[in-house]
$ cat target_5.txt   # compact mmCIF, C-alpha atoms and all ligand atoms
# COMPACT_ATOMS: atom_id res chain seq x y z
CA MET A 695 34.47 -154.72 1.96
CA ALA A 696 32.12 -157.68 2.21
CA GLN A 697 28.57 -157.79 0.93
CA ILE A 698 26.40 -157.31 4.04
CA LEU A 699 23.63 -159.90 4.12
CA ASN A 700 20.73 -157.90 5.51
CA GLY A 701 18.63 -160.44 7.41
CA ASN A 702 15.93 -157.89 8.19
CA ALA A 703 15.38 -157.13 4.49
CA ILE A 704 15.57 -160.77 3.35
CA ALA A 705 13.24 -161.89 6.16
CA LYS A 706 10.78 -159.19 5.11
CA ASP A 707 10.91 -160.52 1.54
CA VAL A 708 10.19 -164.05 2.84
CA LYS A 709 7.27 -162.81 4.95
CA ASP A 710 5.88 -160.62 2.16
CA GLU A 711 5.94 -163.60 -0.20
CA LEU A 712 4.12 -165.60 2.47
CA ILE A 713 1.43 -162.93 2.79
CA VAL A 714 0.63 -163.39 -0.91
CA LYS A 715 0.65 -167.22 -0.72
CA ILE A 716 -1.48 -167.32 2.44
CA LYS A 717 -3.96 -164.81 1.01
CA LYS A 718 -4.36 -167.01 -2.07
CA TRP A 719 -4.73 -170.11 0.13
CA VAL A 720 -7.50 -168.41 2.14
CA GLU A 721 -9.20 -167.22 -1.05
CA GLU A 722 -9.26 -170.87 -2.15
CA GLY A 723 -11.51 -171.56 0.81
CA HIS A 724 -9.13 -172.61 3.61
CA ARG A 725 -9.12 -171.05 7.03
CA PRO A 726 -5.94 -169.07 7.83
CA PRO A 727 -3.02 -171.14 9.19
CA SER A 728 -3.09 -171.31 12.97
CA LEU A 729 -0.09 -171.32 15.33
CA LYS A 730 -0.11 -171.95 19.08
CA CYS A 731 2.97 -170.83 21.06
CA ILE A 732 3.28 -172.35 24.53
CA ILE A 733 5.48 -170.60 27.05
CA VAL A 734 6.14 -171.97 30.53
CA GLY A 735 7.40 -169.57 33.22
CA ASP A 736 8.41 -165.94 33.05
CA ASP A 737 11.85 -165.81 31.45
CA PRO A 738 11.92 -162.30 29.89
CA ALA A 739 14.00 -163.32 26.85
CA SER A 740 11.60 -166.19 26.05
CA HIS A 741 8.64 -163.82 26.30
CA THR A 742 10.33 -161.39 23.89
CA TYR A 743 11.00 -164.21 21.40
CA VAL A 744 7.40 -165.43 21.55
CA ARG A 745 6.04 -161.89 21.20
CA ASN A 746 8.13 -161.47 18.03
CA LYS A 747 6.87 -164.79 16.65
CA VAL A 748 3.21 -163.91 17.27
CA LYS A 749 3.71 -160.45 15.75
CA ALA A 750 5.35 -161.93 12.62
CA ALA A 751 2.57 -164.53 12.33
CA LYS A 752 -0.12 -161.87 12.38
CA TYR A 753 1.83 -159.86 9.79
CA CYS A 754 1.81 -162.89 7.47
CA GLY A 755 -1.90 -163.65 7.93
CA ILE A 756 -1.40 -166.53 10.37
CA ASP A 757 -3.69 -166.76 13.41
CA ALA A 758 -1.31 -166.94 16.35
CA GLU A 759 -1.93 -167.29 20.05
CA THR A 760 0.37 -167.44 23.08
CA ILE A 761 -0.58 -169.97 25.74
CA GLN A 762 1.11 -169.09 29.00
CA PHE A 763 1.63 -171.48 31.95
CA ASP A 764 3.25 -170.97 35.34
CA SER A 765 6.69 -172.49 35.88
CA ASP A 766 5.35 -174.94 38.49
CA ILE A 767 3.08 -176.94 36.13
CA THR A 768 3.83 -180.65 35.90
CA GLU A 769 5.15 -182.43 32.84
CA GLU A 770 1.96 -184.49 32.73
CA PHE A 771 -0.18 -181.34 32.62
CA LEU A 772 1.90 -179.93 29.76
CA LEU A 773 1.73 -183.24 27.86
CA ASN A 774 -2.08 -183.17 28.17
CA GLN A 775 -2.24 -179.62 26.85
CA ILE A 776 -0.06 -180.54 23.86
CA ASN A 777 -2.24 -183.55 23.20
CA GLU A 778 -5.34 -181.38 23.06
CA LEU A 779 -3.69 -179.12 20.48
CA ASN A 780 -2.52 -182.18 18.53
CA ASN A 781 -6.12 -183.37 18.32
CA SER A 782 -7.62 -179.99 17.44
CA GLU A 783 -8.66 -179.52 13.80
CA ASP A 784 -8.25 -175.78 14.39
CA VAL A 785 -4.48 -175.93 15.00
CA ASP A 786 -1.73 -176.34 12.36
CA GLY A 787 1.44 -175.43 14.23
CA ILE A 788 2.51 -175.95 17.84
CA LEU A 789 5.70 -174.67 19.39
CA ILE A 790 6.87 -174.90 22.96
CA GLN A 791 9.32 -172.11 23.67
CA LEU A 792 12.54 -173.55 25.10
CA PRO A 793 13.97 -173.83 27.63
CA VAL A 794 11.22 -175.33 29.78
CA PRO A 795 11.68 -175.52 33.59
CA GLU A 796 14.10 -178.22 34.76
CA THR A 797 11.26 -180.26 36.26
CA ILE A 798 10.03 -180.95 32.71
CA ASN A 799 11.85 -183.26 30.30
CA GLU A 800 12.51 -181.21 27.15
CA ARG A 801 12.96 -184.18 24.80
CA ARG A 802 9.72 -185.79 25.99
CA ILE A 803 7.90 -182.50 25.31
CA CYS A 804 9.41 -182.12 21.82
CA ASN A 805 8.39 -185.68 20.99
CA ALA A 806 4.84 -185.12 22.27
CA VAL A 807 4.02 -182.59 19.54
CA SER A 808 2.43 -184.21 16.49
CA PRO A 809 5.25 -184.36 13.86
CA LYS A 810 2.97 -182.72 11.29
CA LYS A 811 2.33 -179.76 13.64
CA ASP A 812 5.93 -179.56 14.88
CA VAL A 813 6.85 -176.21 13.29
CA ASP A 814 10.15 -176.16 15.23
CA GLY A 815 11.25 -179.40 13.56
CA PHE A 816 12.40 -180.76 16.93
CA HIS A 817 10.39 -184.03 16.95
CA ILE A 818 12.50 -187.17 16.65
CA ILE A 819 10.65 -188.10 13.42
CA ASN A 820 11.35 -184.74 11.80
CA VAL A 821 15.01 -184.90 12.86
CA GLY A 822 15.25 -188.44 11.47
CA GLN A 823 13.63 -187.46 8.17
CA LEU A 824 16.07 -184.56 7.84
CA CYS A 825 18.99 -186.95 8.35
CA LEU A 826 17.55 -189.26 5.66
CA ASP A 827 17.12 -186.40 3.12
CA MET A 828 13.35 -186.89 3.24
CA PRO A 829 10.76 -184.08 3.08
CA THR A 830 10.31 -182.84 6.65
CA ILE A 831 9.98 -179.78 8.85
CA VAL A 832 13.45 -178.25 9.35
CA PRO A 833 14.38 -176.20 12.46
CA ALA A 834 13.78 -172.55 11.59
CA THR A 835 17.25 -171.16 12.38
CA ALA A 836 18.94 -173.76 10.17
CA LEU A 837 16.42 -173.12 7.41
CA GLY A 838 17.03 -169.38 7.81
CA VAL A 839 20.77 -169.82 7.24
CA VAL A 840 20.14 -171.91 4.12
CA GLU A 841 17.61 -169.37 2.80
CA LEU A 842 20.11 -166.52 3.36
CA LEU A 843 22.80 -168.40 1.42
CA LYS A 844 20.35 -169.14 -1.40
CA ARG A 845 18.97 -165.63 -1.71
CA ALA A 846 22.48 -164.14 -1.59
CA LYS A 847 23.39 -166.60 -4.40
CA ILE A 848 26.31 -168.04 -2.46
CA GLU A 849 27.49 -171.15 -4.30
CA THR A 850 27.78 -174.26 -2.12
CA LEU A 851 28.15 -177.16 -4.58
CA GLY A 852 31.65 -178.62 -4.25
CA ARG A 853 32.80 -175.85 -1.92
CA ASP A 854 34.30 -176.18 1.55
CA ALA A 855 32.11 -175.21 4.51
CA VAL A 856 32.91 -175.13 8.21
CA VAL A 857 30.12 -175.25 10.78
CA ILE A 858 31.26 -174.27 14.28
CA GLY A 859 28.86 -175.71 16.86
CA ARG A 860 27.06 -179.05 16.78
CA SER A 861 23.81 -178.35 18.65
CA LYS A 862 20.93 -180.57 17.56
CA ASN A 863 18.67 -177.59 16.74
CA VAL A 864 21.17 -175.40 14.89
CA GLY A 865 24.69 -176.65 14.03
CA MET A 866 23.67 -180.23 13.22
CA PRO A 867 20.77 -179.42 10.84
CA ILE A 868 22.83 -176.71 9.09
CA ALA A 869 25.69 -179.15 8.53
CA MET A 870 23.19 -181.81 7.43
CA MET A 871 21.66 -179.63 4.70
CA LEU A 872 25.02 -178.23 3.58
CA HIS A 873 26.60 -181.60 2.92
CA THR A 874 23.68 -183.60 1.50
CA ASP A 875 22.83 -184.39 -2.11
CA LYS A 876 20.45 -181.93 -3.78
CA ARG A 877 19.20 -184.72 -6.04
CA HIS A 878 17.68 -186.47 -3.01
CA GLU A 879 13.97 -186.33 -2.16
CA SER A 880 14.03 -183.35 0.22
CA GLY A 881 15.65 -181.07 -2.38
CA LEU A 882 17.40 -179.29 0.51
CA GLY A 883 20.91 -180.66 -0.08
CA MET A 884 23.65 -178.16 -0.88
CA ASP A 885 26.48 -180.53 -1.90
CA ALA A 886 29.27 -178.81 0.06
CA THR A 887 32.17 -180.57 1.79
CA VAL A 888 31.50 -179.90 5.45
CA THR A 889 33.72 -179.84 8.52
CA ILE A 890 31.96 -179.63 11.90
CA CYS A 891 34.00 -178.04 14.69
CA HIS A 892 33.06 -178.00 18.38
CA ARG A 893 34.36 -177.32 21.87
CA TYR A 894 37.01 -180.05 21.61
CA THR A 895 38.39 -178.90 18.25
CA PRO A 896 41.82 -177.50 19.21
CA ARG A 897 42.13 -173.79 18.41
CA PRO A 898 44.97 -174.27 15.83
CA LYS A 899 42.82 -176.85 14.01
CA LEU A 900 39.76 -174.56 14.12
CA GLU A 901 41.89 -171.81 12.57
CA HIS A 902 43.21 -174.22 9.94
CA TYR A 903 39.74 -175.45 8.91
CA CYS A 904 38.32 -171.93 8.83
CA ARG A 905 41.19 -170.56 6.69
CA ASN A 906 40.45 -173.26 4.13
CA ALA A 907 36.70 -172.61 4.07
CA ASP A 908 34.63 -170.89 1.38
CA ILE A 909 31.75 -170.68 3.86
CA ILE A 910 32.01 -170.32 7.65
CA ILE A 911 28.91 -170.67 9.82
CA SER A 912 29.39 -170.09 13.53
CA ALA A 913 26.76 -170.99 16.12
CA THR A 914 28.50 -171.07 19.50
CA GLY A 915 27.61 -167.98 21.55
CA ILE A 916 31.32 -167.18 22.03
CA PRO A 917 31.92 -163.50 21.13
CA LYS A 918 34.80 -162.86 18.69
CA LEU A 919 35.54 -166.57 18.28
CA VAL A 920 36.16 -166.05 14.55
CA THR A 921 38.80 -163.41 13.85
CA ALA A 922 39.85 -161.85 10.53
CA ASP A 923 43.07 -163.90 10.28
CA MET A 924 40.93 -167.08 10.20
CA VAL A 925 38.90 -166.00 7.17
CA LYS A 926 39.91 -166.69 3.56
CA PRO A 927 39.53 -163.52 1.48
CA GLY A 928 36.14 -163.61 -0.22
CA ALA A 929 34.62 -166.29 2.07
CA ALA A 930 30.97 -166.09 3.15
CA VAL A 931 30.69 -165.76 6.93
CA ILE A 932 27.36 -166.44 8.62
CA ASP A 933 26.99 -165.56 12.30
CA VAL A 934 24.34 -167.50 14.23
CA GLY A 935 25.78 -166.54 17.63
CA ILE A 936 23.94 -164.06 19.78
CA THR A 937 25.29 -162.95 23.15
CA ARG A 938 24.26 -160.06 25.37
CA VAL A 939 27.34 -158.12 26.55
CA THR A 940 28.02 -154.84 28.33
CA ASP A 941 30.25 -152.49 26.33
CA SER A 942 32.96 -150.15 27.68
CA GLU A 943 30.33 -147.43 28.28
CA GLY A 944 28.21 -149.81 30.37
CA LYS A 945 25.56 -150.24 27.65
CA ASN A 946 23.96 -153.61 26.90
CA LYS A 947 24.33 -154.83 23.35
CA LEU A 948 24.02 -158.01 21.29
CA VAL A 949 27.10 -159.48 19.63
CA GLY A 950 27.71 -162.55 17.51
CA ASP A 951 30.58 -165.07 17.26
CA ILE A 952 32.35 -163.17 14.50
CA ASP A 953 34.71 -160.23 15.04
CA TYR A 954 32.50 -158.27 12.66
CA ASP A 955 34.45 -154.99 12.40
CA GLU A 956 37.60 -156.80 11.23
CA VAL A 957 36.08 -159.76 9.34
CA VAL A 958 33.92 -157.44 7.21
CA LYS A 959 37.17 -156.17 5.63
CA VAL A 960 38.22 -159.68 4.47
CA ALA A 961 35.04 -161.68 3.82
CA GLY A 962 33.10 -161.72 0.57
CA ALA A 963 29.77 -161.75 2.40
CA ILE A 964 28.87 -161.44 6.09
CA THR A 965 25.79 -161.33 8.32
CA PRO A 966 25.60 -158.69 11.07
CA VAL A 967 24.37 -159.28 14.63
CA PRO A 968 21.71 -158.19 15.26
CA GLY A 969 19.89 -158.08 11.93
CA GLY A 970 21.34 -161.15 10.25
CA VAL A 971 20.22 -164.70 10.99
CA GLY A 972 17.88 -163.69 13.88
CA PRO A 973 15.05 -162.22 11.76
CA MET A 974 15.41 -165.14 9.32
CA THR A 975 14.57 -167.61 12.11
CA VAL A 976 11.22 -165.95 12.72
CA ALA A 977 10.45 -165.71 8.98
CA MET A 978 11.22 -169.41 8.44
CA LEU A 979 9.03 -170.35 11.40
CA MET A 980 6.17 -168.68 9.54
CA SER A 981 7.08 -170.60 6.41
CA ASN A 982 7.08 -173.84 8.44
CA THR A 983 3.64 -172.98 9.84
CA PHE A 984 2.19 -172.48 6.36
CA GLN A 985 3.88 -175.70 5.23
CA ALA A 986 2.28 -177.56 8.18
CA ALA A 987 -1.15 -176.11 7.32
CA LYS A 988 -0.84 -177.28 3.72
CA THR A 989 0.45 -180.72 4.67
CA LEU A 990 -2.40 -181.24 7.15
CA ARG A 991 -4.98 -180.39 4.47
CA ASP A 992 -3.35 -182.26 1.59
CA LYS A 993 -4.02 -185.94 2.20
CA SER A 994 -1.76 -186.85 -0.75
CA ILE A 995 1.35 -185.66 1.16
CA VAL A 996 2.66 -188.42 3.42
CA LEU A 997 5.38 -187.14 5.74
CA GLN A 998 6.01 -190.26 7.71
N1 LIG B 1 14.48 -171.34 22.30
C1 LIG B 1 15.57 -170.88 21.63
N2 LIG B 1 15.45 -171.09 20.31
C2 LIG B 1 14.26 -171.70 20.13
C3 LIG B 1 13.58 -172.16 18.97
O1 LIG B 1 14.03 -172.08 17.83
N3 LIG B 1 12.36 -172.74 19.20
C4 LIG B 1 11.83 -172.86 20.45
N4 LIG B 1 10.63 -173.46 20.57
N5 LIG B 1 12.43 -172.44 21.54
C5 LIG B 1 13.65 -171.86 21.38
$ encode --input "target_5.txt" --output "structure tokens"
Amino acid sequence: MAQILNGNAIAKDVKDELIVKIKKWVEEGHRPPSLKCIIVGDDPASHTYVRNKVKAAKYCGIDAETIQFDSDITEEFLLNQINELNNSEDVDGILIQLPVPETINERRICNAVSPKKDVDGFHIINVGQLCLDMPTIVPATALGVVELLKRAKIETLGRDAVVIGRSKNVGMPIAMMLHTDKRHESGLGMDATVTICHRYTPRPKLEHYCRNADIIISATGIPKLVTADMVKPGAAVIDVGITRVTDSEGKNKLVGDIDYDEVVKVAGAITPVPGGVGPMTVAMLMSNTFQAAKTLRDKSIVLQ
């Protein structure tokens, strides 16, 4: 049976370590880090995510506030609000919960957040710095996957990794950190040999790449995409997928991309859904917020 990577426990460790660091930071005379979460509209899932983020922030000693707008606000209005937060000395981290309504251009909004306050790591400058192995703010889910691998002591140097899914916020940054050189400036590189698979990777090829992999990371939202026959015995399997399904008894439940009940018998390590990567995302967002607070105060750190 595989080692179960308990995201809830590891995320708690990350947050508990942050509590200590933030307490020390405040004792040194700084105000607590401050996070503003903007949510536009009334999508219930988005509200749940933001509630969890604010709760985790408060747990860590971060001042967090939700700023709620109706779905009919204009893009210009939202840009002005972001600009005010960018210019406020009292704010370290800004996140705009996605998706935003279709009337608002998501990329324009992500690029409007000051790169130093962009705790989601979605700004074009932060994405560019990540791709250049420079110090930057990394999207929290990708950082959560890397932190899980590190804390579970899963070796990556020289090993074969497959990332399934190439989204700019998840698959791409994971693949970027996995394949890059640890000796480079960011220190995030993991020196693996990485194959990125996506919707146009033919199924037999996907199976072939996965069977060869020491590490499989799936981020597609397709339940049971990765089956036990695709997993090399002893491989580490990280499930970033999260899909709400109705089971045979009519109950709602969350499932990942991995056929967990079967893959757990073959893999060397596996993350469950829920309770794997999900809690890590929130924990790493808190870490990003503290990083932003420190960077904003420390004039010797030049991010871009
Ligand atoms: N919507 C889904 N995932 C995310 C995320 O990581 N950050 C933000 N801001 N919105 C999201």
$ closest_atom_pairs --input "target_5.txt" --of "chain A" --to "ligand LIG 1 (chain B)" --cutoff "9 Å" --atoms "only C-alpha atoms and all ligand atoms" --output "JSON lines"
{"residue": "A:Cys731", "atom": "CA", "partner": "B:LIG1", "partner_atom": "N4", "distance": 8.1}
{"residue": "A:Ile732", "atom": "CA", "partner": "B:LIG1", "partner_atom": "N4", "distance": 8.4}
{"residue": "A:Ile733", "atom": "CA", "partner": "B:LIG1", "partner_atom": "N4", "distance": 8.8}
{"residue": "A:Ser740", "atom": "CA", "partner": "B:LIG1", "partner_atom": "N1", "distance": 7.0}
{"residue": "A:Tyr743", "atom": "CA", "partner": "B:LIG1", "partner_atom": "N1", "distance": 8.0}
{"residue": "A:Val744", "atom": "CA", "partner": "B:LIG1", "partner_atom": "N5", "distance": 8.6}
{"residue": "A:Ile788", "atom": "CA", "partner": "B:LIG1", "partner_atom": "N4", "distance": 8.9}
{"residue": "A:Leu789", "atom": "CA", "partner": "B:LIG1", "partner_atom": "N4", "distance": 5.2}
{"residue": "A:Ile790", "atom": "CA", "partner": "B:LIG1", "partner_atom": "N4", "distance": 4.7}
{"residue": "A:Gln791", "atom": "CA", "partner": "B:LIG1", "partner_atom": "N4", "distance": 3.6}
{"residue": "A:Leu792", "atom": "CA", "partner": "B:LIG1", "partner_atom": "N5", "distance": 3.7}
{"residue": "A:Pro793", "atom": "CA", "partner": "B:LIG1", "partner_atom": "N1", "distance": 5.9}
{"residue": "A:Val794", "atom": "CA", "partner": "B:LIG1", "partner_atom": "N5", "distance": 8.8}
{"residue": "A:Cys804", "atom": "CA", "partner": "B:LIG1", "partner_atom": "N4", "distance": 8.8}
{"residue": "A:Val813", "atom": "CA", "partner": "B:LIG1", "partner_atom": "N4", "distance": 8.7}
{"residue": "A:Asp814", "atom": "CA", "partner": "B:LIG1", "partner_atom": "N3", "distance": 5.7}
{"residue": "A:Gly815", "atom": "CA", "partner": "B:LIG1", "partner_atom": "N3", "distance": 8.8}
{"residue": "A:Phe816", "atom": "CA", "partner": "B:LIG1", "partner_atom": "N3", "distance": 8.3}
{"residue": "A:Pro833", "atom": "CA", "partner": "B:LIG1", "partner_atom": "O1", "distance": 6.8}
{"residue": "A:Ala834", "atom": "CA", "partner": "B:LIG1", "partner_atom": "O1", "distance": 6.3}
{"residue": "A:Thr835", "atom": "CA", "partner": "B:LIG1", "partner_atom": "O1", "distance": 6.4}
{"residue": "A:Asn863", "atom": "CA", "partner": "B:LIG1", "partner_atom": "O1", "distance": 7.3}
{"residue": "A:Val864", "atom": "CA", "partner": "B:LIG1", "partner_atom": "O1", "distance": 8.4}
{"residue": "A:Thr975", "atom": "CA", "partner": "B:LIG1", "partner_atom": "O1", "distance": 7.3}
{"residue": "A:Val976", "atom": "CA", "partner": "B:LIG1", "partner_atom": "O1", "distance": 8.5}
{"residue": "A:Leu979", "atom": "CA", "partner": "B:LIG1", "partner_atom": "O1", "distance": 8.3}
$ closest_residue --input "target_5.txt" --among "A:Asp854, A:Asp992, A:Asp736, A:Asp757" --to "Ala869 of chain A" --atoms "all atoms listed in the file"
A:Asp854
$ atom_distance --input "target_5.txt" --atom1 "atom CA of Pro968 of chain A" --atom2 "atom CA of Ile936 of chain A"
7.7 Å
$ closest_residue --input "target_5.txt" --among "A:Asn774, A:Pro795, A:Tyr753, A:Pro917" --to "Asp737 of chain A" --atoms "only C-alpha atoms"
A:Pro795
$ residues_near_point --input "target_5.txt" --point "(27.9, -178.9, -0.3)" --cutoff "7 Å" --atoms "all atoms listed in the file" --output "PDB file with C-alpha atoms, in the coordinates of the input"
ATOM      1  CA  THR A 850      27.780-174.260  -2.120  1.00  0.00           C
ATOM      2  CA  LEU A 851      28.150-177.160  -4.580  1.00  0.00           C
ATOM      3  CA  GLY A 852      31.650-178.620  -4.250  1.00  0.00           C
ATOM      4  CA  ARG A 853      32.800-175.850  -1.920  1.00  0.00           C
ATOM      5  CA  LEU A 872      25.020-178.230   3.580  1.00  0.00           C
ATOM      6  CA  HIS A 873      26.600-181.600   2.920  1.00  0.00           C
ATOM      7  CA  THR A 874      23.680-183.600   1.500  1.00  0.00           C
ATOM      8  CA  MET A 884      23.650-178.160  -0.880  1.00  0.00           C
ATOM      9  CA  ASP A 885      26.480-180.530  -1.900  1.00  0.00           C
ATOM     10  CA  ALA A 886      29.270-178.810   0.060  1.00  0.00           C
ATOM     11  CA  THR A 887      32.170-180.570   1.790  1.00  0.00           C
ATOM     12  CA  VAL A 888      31.500-179.900   5.450  1.00  0.00           C
TER      13      VAL A 888
END
$ atom_distance --input "target_5.txt" --atom1 "atom CA of Leu729 of chain A" --atom2 "atom CA of Ser765 of chain A"
21.7 Å
$ closest_residue --input "target_5.txt" --among "A:Val925, A:Met980, A:Pro727, A:Ala758" --to "Gly962 of chain A" --atoms "only C-alpha atoms"
A:Val925
$ residues_around --input "target_5.txt" --residues "Ile952 of chain A" --least-positions-apart "4" --cutoff "12 Å" --atoms "all atoms listed in the file" --output "VMD selection string"
chain A and resid 858 910 to 925 930 to 937 948 956 to 958 961 964 to 968 970
$ closest_residue --input "target_5.txt" --among "A:Asp710, A:Asn799, A:Val857, A:Leu882" --to "Thr895 of chain A" --atoms "all atoms listed in the file"
A:Val857
$ closest_residue --input "target_5.txt" --among "A:Lys862, A:Lys706, A:His892, A:Lys926" --to "Ala963 of chain A" --atoms "all atoms listed in the file"
A:Lys926
$ axis_aligned_box --input "target_5.txt" --around "segment 696-714 of chain A" --padding-each-side "8 Å" --output "JSON"
{"center_x": 16.4, "center_y": -161.4, "center_z": 3.6, "size_x": 47.5, "size_y": 24.5, "size_z": 25.1}
$ residues_around --input "target_5.txt" --residues "Met866 of chain A" --least-positions-apart "4" --cutoff "9 Å" --atoms "all atoms listed in the file" --output "compact mmCIF listing (two decimals) with C-alpha atoms, in the frame of the given file"
# COMPACT_ATOMS: atom_id res chain seq x y z
CA ALA A 836 18.94 -173.76 10.17
CA VAL A 857 30.12 -175.25 10.78
CA GLY A 859 28.86 -175.71 16.86
CA ARG A 860 27.06 -179.05 16.78
CA SER A 861 23.81 -178.35 18.65
CA LYS A 862 20.93 -180.57 17.56
CA MET A 870 23.19 -181.81 7.43
CA MET A 871 21.66 -179.63 4.70
CA ILE A 890 31.96 -179.63 11.90
$ residues_near_point --input "target_5.txt" --point "(6.6, -168.8, 8.7)" --cutoff "10 Å" --atoms "all atoms listed in the file" --output "number ranges by chain"
A: 705, 708-709, 712-713, 727, 729, 747, 750-751, 754-756, 813, 834, 974-986
$ atom_distance --input "target_5.txt" --atom1 "atom CA of Leu824 of chain A" --atom2 "atom CA of Ile848 of chain A"
22.0 Å
$ closest_residue --input "target_5.txt" --among "A:Leu990, A:Gly950, A:Tyr903, A:His741" --to "Asn781 of chain A" --atoms "only C-alpha atoms"
A:Leu990
